[in-house]
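Engineer: Contents are mmCIF, C-alpha atoms and all ligand atoms; file name input_18.cif:
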```cif
data_query
#
loop_
_atom_site.group_PDB
_atom_site.id
_atom_site.type_symbol
_atom_site.label_atom_id
_atom_site.label_comp_id
_atom_site.auth_asym_id
_atom_site.auth_seq_id
_atom_site.Cartn_x
_atom_site.Cartn_y
_atom_site.Cartn_z
ATOM 1 C CA MET A 1 35.241 65.046 132.559
ATOM 2 C CA LEU A 2 32.692 65.842 129.834
ATOM 3 C CA LYS A 3 31.363 69.371 130.227
ATOM 4 C CA SER A 4 27.631 69.654 130.983
ATOM 5 C CA LEU A 5 26.822 71.406 127.680
ATOM 6 C CA ALA A 6 29.320 69.606 125.411
ATOM 7 C CA ASN A 7 28.029 69.133 121.841
ATOM 8 C CA LYS A 8 25.112 71.528 122.458
ATOM 9 C CA VAL A 9 24.385 74.497 120.222
ATOM 10 C CA ALA A 10 22.944 77.594 121.889
ATOM 11 C CA ILE A 11 21.480 80.861 120.617
ATOM 12 C CA VAL A 12 21.591 83.807 123.033
ATOM 13 C CA THR A 13 19.786 87.001 122.007
ATOM 14 C CA GLY A 14 20.873 90.421 123.214
ATOM 15 C CA ALA A 15 24.379 88.979 123.477
ATOM 16 C CA ALA A 16 26.331 92.061 122.418
ATOM 17 C CA THR A 17 26.482 93.227 126.013
ATOM 18 C CA GLY A 18 25.338 92.804 129.612
ATOM 19 C CA ILE A 19 23.569 89.676 130.796
ATOM 20 C CA GLY A 20 23.386 88.174 127.286
ATOM 21 C CA LEU A 21 27.140 88.384 126.793
ATOM 22 C CA GLU A 22 27.759 86.778 130.197
ATOM 23 C CA SER A 23 25.189 84.072 129.492
ATOM 24 C CA ALA A 24 26.953 83.307 126.187
ATOM 25 C CA ARG A 25 30.291 83.163 128.018
ATOM 26 C CA VAL A 26 29.060 80.784 130.733
ATOM 27 C CA LEU A 27 27.197 78.504 128.298
ATOM 28 C CA ALA A 28 30.388 78.286 126.218
ATOM 29 C CA GLU A 29 32.500 77.664 129.329
ATOM 30 C CA HIS A 30 30.239 74.668 129.984
ATOM 31 C CA GLY A 31 31.059 73.348 126.503
ATOM 32 C CA ALA A 32 28.298 74.738 124.267
ATOM 33 C CA THR A 33 28.883 76.263 120.864
ATOM 34 C CA VAL A 34 27.200 79.639 121.282
ATOM 35 C CA VAL A 35 25.660 81.871 118.636
ATOM 36 C CA LEU A 36 25.637 85.427 119.935
ATOM 37 C CA ALA A 37 22.653 87.211 118.380
ATOM 38 C CA ASP A 38 21.906 90.918 118.501
ATOM 39 C CA ILE A 39 20.588 93.782 116.394
ATOM 40 C CA ASP A 40 23.898 95.542 117.113
ATOM 41 C CA ALA A 41 26.056 93.916 114.431
ATOM 42 C CA THR A 42 29.331 95.575 115.458
ATOM 43 C CA GLY A 43 28.707 94.997 119.142
ATOM 44 C CA VAL A 44 27.951 91.324 118.696
ATOM 45 C CA GLU A 45 31.017 90.824 116.501
ATOM 46 C CA HIS A 46 33.204 92.347 119.218
ATOM 47 C CA ALA A 47 31.475 90.250 121.871
ATOM 48 C CA ALA A 48 31.993 86.997 119.972
ATOM 49 C CA ALA A 49 35.623 87.919 119.218
ATOM 50 C CA LEU A 50 36.163 88.552 122.940
ATOM 51 C CA LEU A 51 34.863 85.078 123.812
ATOM 52 C CA VAL A 52 36.954 83.474 121.052
ATOM 53 C CA ARG A 53 40.041 85.154 122.550
ATOM 54 C CA GLU A 54 39.048 83.463 125.833
ATOM 55 C CA GLY A 55 39.225 80.111 124.001
ATOM 56 C CA LEU A 56 35.448 79.666 123.692
ATOM 57 C CA ALA A 57 33.309 78.529 120.740
ATOM 58 C CA ALA A 58 31.390 81.713 119.974
ATOM 59 C CA PHE A 59 29.960 83.106 116.736
ATOM 60 C CA PRO A 60 28.183 86.392 116.001
ATOM 61 C CA LEU A 61 24.860 86.620 114.185
ATOM 62 C CA ALA A 62 23.160 89.963 113.624
ATOM 63 C CA PHE A 63 19.389 90.040 113.291
ATOM 64 C CA ASP A 64 16.454 92.173 114.331
ATOM 65 C CA LEU A 65 13.954 90.399 116.551
ATOM 66 C CA THR A 66 11.121 92.494 115.141
ATOM 67 C CA ASP A 67 11.640 91.027 111.668
ATOM 68 C CA GLU A 68 10.305 87.493 111.187
ATOM 69 C CA ALA A 69 12.061 86.996 107.848
ATOM 70 C CA GLN A 70 15.441 87.822 109.434
ATOM 71 C CA ILE A 71 14.719 85.454 112.326
ATOM 72 C CA ALA A 72 13.730 82.606 109.989
ATOM 73 C CA ALA A 73 16.839 83.154 107.851
ATOM 74 C CA SER A 74 19.070 83.270 110.947
ATOM 75 C CA VAL A 75 17.693 79.998 112.295
ATOM 76 C CA CYS A 76 18.357 78.414 108.866
ATOM 77 C CA GLN A 77 21.919 79.776 108.964
ATOM 78 C CA VAL A 78 22.529 78.225 112.396
ATOM 79 C CA VAL A 79 21.148 74.888 111.250
ATOM 80 C CA GLU A 80 23.221 74.949 108.044
ATOM 81 C CA LYS A 81 26.377 75.694 110.033
ATOM 82 C CA TYR A 82 25.926 73.553 113.168
ATOM 83 C CA GLY A 83 23.157 71.094 112.258
ATOM 84 C CA ARG A 84 21.134 71.564 115.449
ATOM 85 C CA ILE A 85 19.815 73.926 118.129
ATOM 86 C CA ASP A 86 19.628 72.732 121.753
ATOM 87 C CA ILE A 87 19.402 75.914 123.812
ATOM 88 C CA VAL A 88 17.727 79.276 123.242
ATOM 89 C CA HIS A 89 18.188 82.097 125.714
ATOM 90 C CA ASN A 90 15.552 84.709 124.900
ATOM 91 C CA ASN A 91 17.334 87.599 126.567
ATOM 92 C CA ALA A 92 17.162 90.687 124.329
ATOM 93 C CA ALA A 93 14.981 93.625 125.303
ATOM 94 C CA ILE A 94 14.635 97.160 124.044
ATOM 95 C CA GLN A 95 16.011 99.417 126.771
ATOM 96 C CA THR A 96 17.381 102.454 124.939
ATOM 97 C CA ASN A 97 17.153 105.901 126.508
ATOM 98 C CA ALA A 98 14.513 106.897 123.942
ATOM 99 C CA GLN A 99 12.468 103.804 124.799
ATOM 100 C CA ARG A 100 12.650 104.523 128.532
ATOM 101 C CA ALA A 101 11.686 108.153 127.940
ATOM 102 C CA GLY A 102 8.496 107.090 126.175
ATOM 103 C CA ASP A 103 7.611 104.186 128.485
ATOM 104 C CA ARG A 104 5.921 105.875 131.439
ATOM 105 C CA ASP A 105 2.654 105.568 133.386
ATOM 106 C CA VAL A 106 -0.403 104.651 131.295
ATOM 107 C CA ILE A 107 -1.733 108.205 130.839
ATOM 108 C CA ASN A 108 1.618 109.513 129.691
ATOM 109 C CA ILE A 109 2.969 106.537 127.757
ATOM 110 C CA GLU A 110 3.933 106.987 124.117
ATOM 111 C CA THR A 111 2.030 104.354 122.193
ATOM 112 C CA SER A 112 5.100 103.762 120.027
ATOM 113 C CA ALA A 113 7.028 102.762 123.189
ATOM 114 C CA TRP A 114 4.305 100.220 124.037
ATOM 115 C CA ASP A 115 4.472 98.794 120.505
ATOM 116 C CA ALA A 116 8.285 98.629 120.536
ATOM 117 C CA ALA A 117 8.376 96.843 123.917
ATOM 118 C CA MET A 118 5.850 94.267 122.750
ATOM 119 C CA ALA A 119 7.611 93.801 119.393
ATOM 120 C CA VAL A 120 11.087 93.212 120.814
ATOM 121 C CA ASN A 121 10.447 91.786 124.285
ATOM 122 C CA VAL A 122 7.680 89.287 123.620
ATOM 123 C CA ARG A 123 6.793 89.042 119.891
ATOM 124 C CA GLY A 124 10.511 88.566 119.076
ATOM 125 C CA PRO A 125 11.004 85.686 121.539
ATOM 126 C CA MET A 126 7.765 84.106 120.273
ATOM 127 C CA LEU A 127 9.032 84.316 116.674
ATOM 128 C CA LEU A 128 12.441 82.897 117.551
ATOM 129 C CA CYS A 129 10.718 79.982 119.291
ATOM 130 C CA LYS A 130 8.325 79.546 116.349
ATOM 131 C CA HIS A 131 11.289 78.990 114.031
ATOM 132 C CA ALA A 132 13.715 77.239 116.412
ATOM 133 C CA LEU A 133 11.263 74.797 118.023
ATOM 134 C CA PRO A 134 10.847 72.496 114.990
ATOM 135 C CA VAL A 135 14.645 72.195 114.783
ATOM 136 C CA MET A 136 14.973 71.544 118.522
ATOM 137 C CA ILE A 137 12.191 68.966 118.484
ATOM 138 C CA SER A 138 13.712 67.196 115.473
ATOM 139 C CA ASN A 139 16.963 66.723 117.417
ATOM 140 C CA GLY A 140 15.176 65.333 120.483
ATOM 141 C CA GLY A 141 14.303 68.502 122.406
ATOM 142 C CA GLY A 142 16.132 71.209 124.271
ATOM 143 C CA SER A 143 15.917 74.018 126.774
ATOM 144 C CA ILE A 144 14.548 77.548 126.323
ATOM 145 C CA ILE A 145 15.227 80.183 128.948
ATOM 146 C CA HIS A 146 13.502 83.563 128.921
ATOM 147 C CA SER A 147 14.836 86.702 130.626
ATOM 148 C CA SER A 148 11.878 88.297 132.398
ATOM 149 C CA SER A 149 11.965 90.731 135.295
ATOM 150 C CA GLY A 150 10.413 91.670 138.606
ATOM 151 C CA PHE A 151 8.600 94.269 136.472
ATOM 152 C CA GLY A 152 6.740 91.330 134.909
ATOM 153 C CA LEU A 153 5.492 90.159 138.305
ATOM 154 C CA LEU A 154 4.386 93.312 140.133
ATOM 155 C CA GLY A 155 3.145 96.835 139.444
ATOM 156 C CA GLU A 156 5.415 99.884 139.200
ATOM 157 C CA VAL A 157 4.940 103.624 138.764
ATOM 158 C CA THR A 158 6.637 103.697 135.352
ATOM 159 C CA LEU A 159 7.899 101.415 132.522
ATOM 160 C CA THR A 160 4.352 100.124 131.898
ATOM 161 C CA ALA A 161 5.139 98.647 128.494
ATOM 162 C CA TYR A 162 8.333 96.977 129.674
ATOM 163 C CA GLY A 163 6.555 95.364 132.637
ATOM 164 C CA SER A 164 3.565 94.266 130.566
ATOM 165 C CA SER A 165 5.821 92.724 127.911
ATOM 166 C CA LYS A 166 7.815 90.882 130.582
ATOM 167 C CA ALA A 167 4.561 89.537 132.103
ATOM 168 C CA ALA A 168 3.484 88.272 128.674
ATOM 169 C CA LEU A 169 6.866 86.581 128.239
ATOM 170 C CA ILE A 170 6.256 84.601 131.441
ATOM 171 C CA ASN A 171 3.064 83.065 130.093
ATOM 172 C CA LEU A 172 4.545 82.551 126.622
ATOM 173 C CA SER A 173 7.084 80.324 128.371
ATOM 174 C CA ARG A 174 4.363 78.313 130.098
ATOM 175 C CA PHE A 175 2.479 77.856 126.824
ATOM 176 C CA ILE A 176 5.649 76.559 125.147
ATOM 177 C CA ALA A 177 6.308 74.143 128.031
ATOM 178 C CA THR A 178 2.701 72.947 127.903
ATOM 179 C CA GLN A 179 2.604 72.490 124.145
ATOM 180 C CA TYR A 180 6.021 70.873 123.577
ATOM 181 C CA GLY A 181 7.046 69.330 126.911
ATOM 182 C CA LYS A 182 6.203 65.851 125.621
ATOM 183 C CA SER A 183 8.523 66.535 122.669
ATOM 184 C CA GLY A 184 11.458 67.088 125.017
ATOM 185 C CA ILE A 185 11.226 70.866 125.205
ATOM 186 C CA ARG A 186 11.712 72.662 128.502
ATOM 187 C CA SER A 187 10.813 76.323 128.783
ATOM 188 C CA ASN A 188 11.581 78.313 131.916
ATOM 189 C CA VAL A 189 11.761 81.934 133.005
ATOM 190 C CA VAL A 190 14.297 83.763 135.113
ATOM 191 C CA ALA A 191 12.666 86.801 136.743
ATOM 192 C CA ILE A 192 15.774 88.939 137.021
ATOM 193 C CA GLY A 193 16.295 91.549 139.705
ATOM 194 C CA PHE A 194 18.523 94.598 139.351
ATOM 195 C CA VAL A 195 21.863 93.517 137.943
ATOM 196 C CA LEU A 196 24.980 95.632 137.730
ATOM 197 C CA THR A 197 25.791 95.335 134.056
ATOM 198 C CA GLN A 198 28.301 97.872 132.756
ATOM 199 C CA ASN A 199 25.354 99.882 131.354
ATOM 200 C CA ALA A 200 23.543 99.785 134.692
ATOM 201 C CA ILE A 201 26.685 100.776 136.612
ATOM 202 C CA GLU A 202 27.129 103.801 134.370
ATOM 203 C CA SER A 203 23.510 104.893 133.849
ATOM 204 C CA THR A 204 21.725 104.200 137.139
ATOM 205 C CA PRO A 205 21.805 107.057 139.670
ATOM 206 C CA GLN A 206 23.268 106.115 143.060
ATOM 207 C CA ALA A 207 19.956 107.071 144.761
ATOM 208 C CA VAL A 208 18.179 104.415 142.698
ATOM 209 C CA LYS A 209 20.841 101.793 143.442
ATOM 210 C CA ASP A 210 20.464 102.590 147.173
ATOM 211 C CA ILE A 211 16.685 102.010 147.094
ATOM 212 C CA LEU A 212 17.120 98.749 145.204
ATOM 213 C CA LEU A 213 19.781 97.510 147.622
ATOM 214 C CA GLN A 214 17.573 98.311 150.621
ATOM 215 C CA HIS A 215 14.942 95.940 149.210
ATOM 216 C CA THR A 216 17.422 93.224 148.242
ATOM 217 C CA LEU A 217 17.695 90.532 150.923
ATOM 218 C CA ASN A 218 21.231 89.638 149.870
ATOM 219 C CA PRO A 219 23.998 91.988 151.039
ATOM 220 C CA THR A 220 24.807 93.114 147.496
ATOM 221 C CA LEU A 221 23.103 93.780 144.153
ATOM 222 C CA GLY A 222 23.358 91.151 141.413
ATOM 223 C CA THR A 223 25.989 90.600 138.748
ATOM 224 C CA PRO A 224 25.564 89.288 135.200
ATOM 225 C CA ARG A 225 27.362 86.108 136.316
ATOM 226 C CA ASN A 226 24.667 85.516 138.978
ATOM 227 C CA ILE A 227 22.086 85.313 136.202
ATOM 228 C CA ALA A 228 24.258 83.447 133.692
ATOM 229 C CA ASP A 229 24.996 80.658 136.180
ATOM 230 C CA VAL A 230 21.262 79.987 136.591
ATOM 231 C CA VAL A 231 20.733 80.116 132.819
ATOM 232 C CA ALA A 232 23.489 77.520 132.360
ATOM 233 C CA PHE A 233 21.865 75.308 135.012
ATOM 234 C CA LEU A 234 18.477 75.591 133.274
ATOM 235 C CA ALA A 235 20.140 74.825 129.939
ATOM 236 C CA SER A 236 21.749 71.653 131.289
ATOM 237 C CA ASP A 237 20.298 68.226 132.042
ATOM 238 C CA LYS A 238 20.897 68.929 135.754
ATOM 239 C CA SER A 239 17.559 70.806 135.651
ATOM 240 C CA VAL A 240 15.743 68.184 133.570
ATOM 241 C CA PHE A 241 12.663 68.080 135.851
ATOM 242 C CA ILE A 242 12.178 71.867 135.847
ATOM 243 C CA ASN A 243 9.683 72.845 133.159
ATOM 244 C CA GLY A 244 7.278 75.768 132.836
ATOM 245 C CA ALA A 245 8.822 77.321 135.946
ATOM 246 C CA LEU A 246 9.310 80.917 136.968
ATOM 247 C CA ILE A 247 12.492 81.356 138.974
ATOM 248 C CA PRO A 248 13.196 84.705 140.626
ATOM 249 C CA VAL A 249 16.922 85.421 140.449
ATOM 250 C CA ASP A 250 16.878 88.657 142.350
ATOM 251 C CA GLY A 251 18.586 88.279 145.740
ATOM 252 C CA GLY A 252 15.160 88.078 147.389
ATOM 253 C CA PHE A 253 13.876 91.392 146.010
ATOM 254 C CA THR A 254 10.401 89.938 145.366
ATOM 255 C CA ALA A 255 10.366 87.565 148.368
ATOM 256 C CA HIS A 256 9.427 89.967 151.145
ATOM 257 C CA GLN A 257 6.483 92.103 152.265
ATOM 258 C CA PRO A 258 6.444 95.457 150.422
ATOM 259 C CA SER A 259 6.484 97.208 153.806
ATOM 260 C CA VAL A 260 9.697 95.580 155.043
ATOM 261 C CA VAL A 261 11.989 98.603 154.700
ATOM 262 C CA HIS A 262 9.511 100.841 156.534
ATOM 263 C CA PHE A 263 9.202 98.273 159.322
ATOM 264 C CA GLN A 264 12.975 97.976 159.599
ATOM 265 C CA GLU A 265 13.121 101.748 160.089
ATOM 266 C CA LEU A 266 10.230 101.718 162.582
ATOM 267 C CA PHE A 267 11.731 98.852 164.596
ATOM 268 C CA ALA A 268 15.170 100.473 164.560
ATOM 269 C CA SER A 269 13.750 103.684 166.013
ATOM 270 C CA ALA A 270 11.573 101.761 168.541
ATOM 271 C CA GLY A 271 14.490 99.510 169.544
ATOM 272 C CA SER A 272 12.305 96.400 169.229
ATOM 273 C CA ASN A 273 10.638 94.319 166.541
ATOM 274 C CA GLN A 274 7.712 93.317 168.746
ATOM 275 C CA LEU A 275 4.440 94.077 166.920
HETATM 276 N N1 LIG A 301 20.106 94.511 133.911
HETATM 277 C C1 LIG A 301 19.115 94.362 134.782
HETATM 278 O O1 LIG A 301 19.195 94.836 135.921
HETATM 279 C C2 LIG A 301 17.886 93.564 134.421
HETATM 280 C C3 LIG A 301 16.863 93.423 135.381
HETATM 281 C C4 LIG A 301 15.737 92.690 135.062
HETATM 282 C C5 LIG A 301 15.626 92.096 133.802
HETATM 283 N N2 LIG A 301 16.613 92.253 132.878
HETATM 284 C C6 LIG A 301 16.425 91.649 131.554
HETATM 285 O O2 LIG A 301 17.589 90.917 131.197
HETATM 286 C C7 LIG A 301 17.828 91.037 129.803
HETATM 287 C C8 LIG A 301 19.231 91.575 129.555
HETATM 288 O O3 LIG A 301 19.383 92.787 130.270
HETATM 289 P P1 LIG A 301 20.655 93.744 130.045
HETATM 290 O O4 LIG A 301 20.582 94.774 131.104
HETATM 291 O O5 LIG A 301 21.856 92.938 129.829
HETATM 292 O O6 LIG A 301 20.186 94.409 128.653
HETATM 293 P P2 LIG A 301 20.960 95.420 127.666
HETATM 294 O O7 LIG A 301 19.987 96.534 127.375
HETATM 295 O O8 LIG A 301 22.307 95.751 128.163
HETATM 296 O O9 LIG A 301 21.098 94.515 126.360
HETATM 297 C C9 LIG A 301 19.979 94.192 125.584
HETATM 298 C C10 LIG A 301 20.478 93.786 124.210
HETATM 299 O O10 LIG A 301 19.335 93.524 123.386
HETATM 300 C C11 LIG A 301 19.630 93.983 122.086
HETATM 301 N N3 LIG A 301 18.425 94.270 121.310
HETATM 302 C C12 LIG A 301 17.583 95.310 121.484
HETATM 303 N N4 LIG A 301 16.648 95.301 120.527
HETATM 304 C C13 LIG A 301 16.886 94.218 119.738
HETATM 305 C C14 LIG A 301 16.268 93.677 118.580
HETATM 306 N N5 LIG A 301 15.206 94.274 118.000
HETATM 307 N N6 LIG A 301 16.768 92.555 118.029
HETATM 308 C C15 LIG A 301 17.862 91.947 118.573
HETATM 309 N N7 LIG A 301 18.498 92.422 119.659
HETATM 310 C C16 LIG A 301 18.015 93.544 120.244
HETATM 311 C C17 LIG A 301 20.435 95.269 122.331
HETATM 312 O O11 LIG A 301 21.179 95.670 121.176
HETATM 313 C C18 LIG A 301 21.296 94.897 123.515
HETATM 314 O O12 LIG A 301 22.564 94.394 123.122
HETATM 315 C C19 LIG A 301 16.721 91.931 129.257
HETATM 316 O O13 LIG A 301 15.675 91.125 128.774
HETATM 317 C C20 LIG A 301 16.262 92.694 130.474
HETATM 318 O O14 LIG A 301 14.923 93.108 130.374
HETATM 319 C C21 LIG A 301 17.743 92.993 133.156
#
```
Output the structure of this file as structure tokens.
Structural biologist:
Amino acid sequence: MLKSLANKVAIVTGAATGIGLESARVLAEHGATVVLADIDATGVEHAAALLVREGLAAFPLAFDLTDEAQIAASVCQVVEKYGRIDIVHNNAAIQTNAQRAGDRDVINIETSAWDAAMAVNVRGPMLLCKHALPVMISNGGGSIIHSSSGFGLLGEVTLTAYGSSKAALINLSRFIATQYGKSGIRSNVVAIGFVLTQNAIESTPQAVKDILLQHTLNPTLGTPRNIADVVAFLASDKSVFINGALIPVDGGFTAHQPSVVHFQELFASAGSNQL
């Protein structure tokens, strides 16, 4: 049987690791030729080589999402090599330790952290779309998926720049869907909940994981595959009538009342959930 993404060419940003690498893997498993893009040239080469060893069509491409000239040149390279672009997964984000250290509450935020979050997390995806959209439209359309976050939907006590950039990404997606839907372009957002990437497993304190799990309606925290499967669905024609949508992929983290954990504790101690 023909695979759902056969003959499609995909670009996945932030593909050296984590969710981006898994997204590239799953898109390729569904038959796409996948360009793994990242600022980390060595990392993305290793990632693509790993997928090739798994028998998948994967190619590395190093570029910096803050640099429009590099983005334009990279899109040209993809077109020269594969002749088309059908799928873009805007997944990269700046999440280094230095970035997190500077990205705090508004009074204490380092302005450079704000600028970096906006440059990588929302200006970069806009620029990639600016250069990829004409190619996608010329080959009849395609699907763009953006990795946003629960931080883009609701307030938090820290990571102000990250959350604000992820909120902007959500509306960028809607603008793209509105402007190019009639040209066959679909643009959708996955609002990702906490996912146990290798980095997250190693760097997130257990106390934080415990809090996040308490608020997750599913029995377990998410995996990169949980996100990648939804990305592959949104990339395929199976989701052809979904456009401009925001889809939480978070095990129900943003589906419940903020007070739910406190009520669970109260009801447990009272022995009844009668209000
Ligand atoms: N992991 C989670 O729990 C989680 C939760 C919510 C949302 N998300 C979102 O999902 C996406 C992937 O998350 P992850 O945890 O796999 O991320 P990650 O930090 O492991 O990987 C991000 C990748 O982006 C690349 N990158 C950073 N700056 C770049 C630039 N200027 N140009 C090109 N590439 C650049 C990095 O090199 C890295 O490989 C991100 O957008 C993140 O905000 C993740």
Engineer: Taking the file as shown, what set of residues would the PyMOL selection byres (((not hetatm)) within 6 of (chain A and resi 301)) give back, as number ranges by chain?
Structural biologist: A: 14-20, 38-40, 63-66, 91-95, 120, 147-149, 192-195, 197
Engineer: Once you count all atoms listed in the file, what closest atom pair and distance in Å to one decimal does each residue of range 120-205 of chain A within 10 Å of range 107-112 of chain A have, with rows by chain and rising residue number, as a tab-separated table?
Structural biologist:
```
residue	atom	partner	partner_atom	distance
A:Thr158	CA	A:Ile109	CA	8.9
A:Leu159	CA	A:Ile109	CA	8.6
A:Thr160	CA	A:Ile109	CA	7.8
A:Ala161	CA	A:Ile109	CA	8.2
```
Engineer: Name the residues that the PyMOL selection byres (((chain A and resi 251-266) around 7) and not hetatm) pulls out of this structure, and write them as a list in words.
Structural biologist: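 Output from the PyMOL selection byres (((chain A and resi 251-266) around 7) and not hetatm), applied to this file: Gly150, Gly193, Gln214, His215, Thr216, Leu217, Asn218, Val249, Asp250, Phe267, Ala268, Ser269 and Ala270 of chain A.
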Engineer: Write a file of the just-selected residues containing C-alpha atoms, as a PDB file, in the frame of the given file.
Structural biologist:
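Contents of part.pdb, as written:
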```pdb
ATOM      1  CA  GLY A 150      10.413  91.670 138.606  1.00  0.00           C
ATOM      2  CA  GLY A 193      16.295  91.549 139.705  1.00  0.00           C
ATOM      3  CA  GLN A 214      17.573  98.311 150.621  1.00  0.00           C
ATOM      4  CA  HIS A 215      14.942  95.940 149.210  1.00  0.00           C
ATOM      5  CA  THR A 216      17.422  93.224 148.242  1.00  0.00           C
ATOM      6  CA  LEU A 217      17.695  90.532 150.923  1.00  0.00           C
ATOM      7  CA  ASN A 218      21.231  89.638 149.870  1.00  0.00           C
ATOM      8  CA  VAL A 249      16.922  85.421 140.449  1.00  0.00           C
ATOM      9  CA  ASP A 250      16.878  88.657 142.350  1.00  0.00           C
ATOM     10  CA  PHE A 267      11.731  98.852 164.596  1.00  0.00           C
ATOM     11  CA  ALA A 268      15.170 100.473 164.560  1.00  0.00           C
ATOM     12  CA  SER A 269      13.750 103.684 166.013  1.00  0.00           C
ATOM     13  CA  ALA A 270      11.573 101.761 168.541  1.00  0.00           C
TER      14      ALA A 270
END
```
Engineer: From the list A:Asp86, A:Ala37, A:Ile145, A:Asp67, which residue is nearest Gly124 in chain A when using all atoms listed in the file?
Structural biologist: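 Between A:Asp86, A:Ala37, A:Ile145, A:Asp67, the residue approaching Gly124 in chain A most closely is A:Asp67.
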Engineer: Between A:Ala228, A:Ala207, A:Ala116, A:Ala245, which residue has the minimum interatomic distance to Ser173 in chain A, considering all atoms listed in the file?
Structural biologist: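 Closest residue, counting all atoms listed in the file: A:Ala245.
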Engineer: Choose the residue, out of A:Val106, A:Ala48, A:Val122, A:Leu61, that has the smallest atom-to-atom separation from Ser74 in chain A; count only C-alpha atoms.
Structural biologist: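 When distances to Ser74 in chain A are compared using only C-alpha atoms, the smallest one comes from A:Leu61.
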Engineer: How would you write, as an mmCIF file with C-alpha atoms, in the frame of the given file, the residues chosen by the PyMOL selection byres (((chain A and resi 59) around 9) and not hetatm) on this structure?
Structural biologist:
```cif
data_model
loop_
_atom_site.group_PDB
_atom_site.id
_atom_site.type_symbol
_atom_site.label_atom_id
_atom_site.label_comp_id
_atom_site.auth_asym_id
_atom_site.auth_seq_id
_atom_site.Cartn_x
_atom_site.Cartn_y
_atom_site.Cartn_z
ATOM 1 C CA THR A 33 28.883 76.263 120.864
ATOM 2 C CA VAL A 34 27.200 79.639 121.282
ATOM 3 C CA VAL A 35 25.660 81.871 118.636
ATOM 4 C CA LEU A 36 25.637 85.427 119.935
ATOM 5 C CA ALA A 37 22.653 87.211 118.380
ATOM 6 C CA VAL A 44 27.951 91.324 118.696
ATOM 7 C CA GLU A 45 31.017 90.824 116.501
ATOM 8 C CA ALA A 47 31.475 90.250 121.871
ATOM 9 C CA ALA A 48 31.993 86.997 119.972
ATOM 10 C CA ALA A 49 35.623 87.919 119.218
ATOM 11 C CA LEU A 51 34.863 85.078 123.812
ATOM 12 C CA VAL A 52 36.954 83.474 121.052
ATOM 13 C CA ALA A 57 33.309 78.529 120.740
ATOM 14 C CA ALA A 58 31.390 81.713 119.974
ATOM 15 C CA PRO A 60 28.183 86.392 116.001
ATOM 16 C CA LEU A 61 24.860 86.620 114.185
#
```
Engineer: Out of A:Ile211, A:Leu221, A:Val135, A:Ala177, which residue has the shortest atom-to-atom distance to Leu196 in chain A when counting only C-alpha atoms?
Structural biologist: A:Leu221
Engineer: What is the CA of Arg25 in chain A to CA of Glu54 in chain A distance in Å?
Structural biologist: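 Separating CA of Arg25 in chain A from CA of Glu54 in chain A is a distance of 9.0 Å.
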Engineer: What separation in Å, quoted to one decimal, exists between CA of Leu154 in chain A and CA of Pro248 in chain A?
Structural biologist: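 CA of Leu154 in chain A sits 12.3 Å away from CA of Pro248 in chain A.
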Engineer: Axis-aligned box over every listed atom of range 68-87 of chain A, padded by 3 Å per side: centre and edges in Å to one decimal, as lines of an AutoDock Vina configuration file?
Structural biologist:
```
center_x = 18.3
center_y = 79.5
center_z = 115.8
size_x = 22.1
size_y = 22.7
size_z = 22.0
```
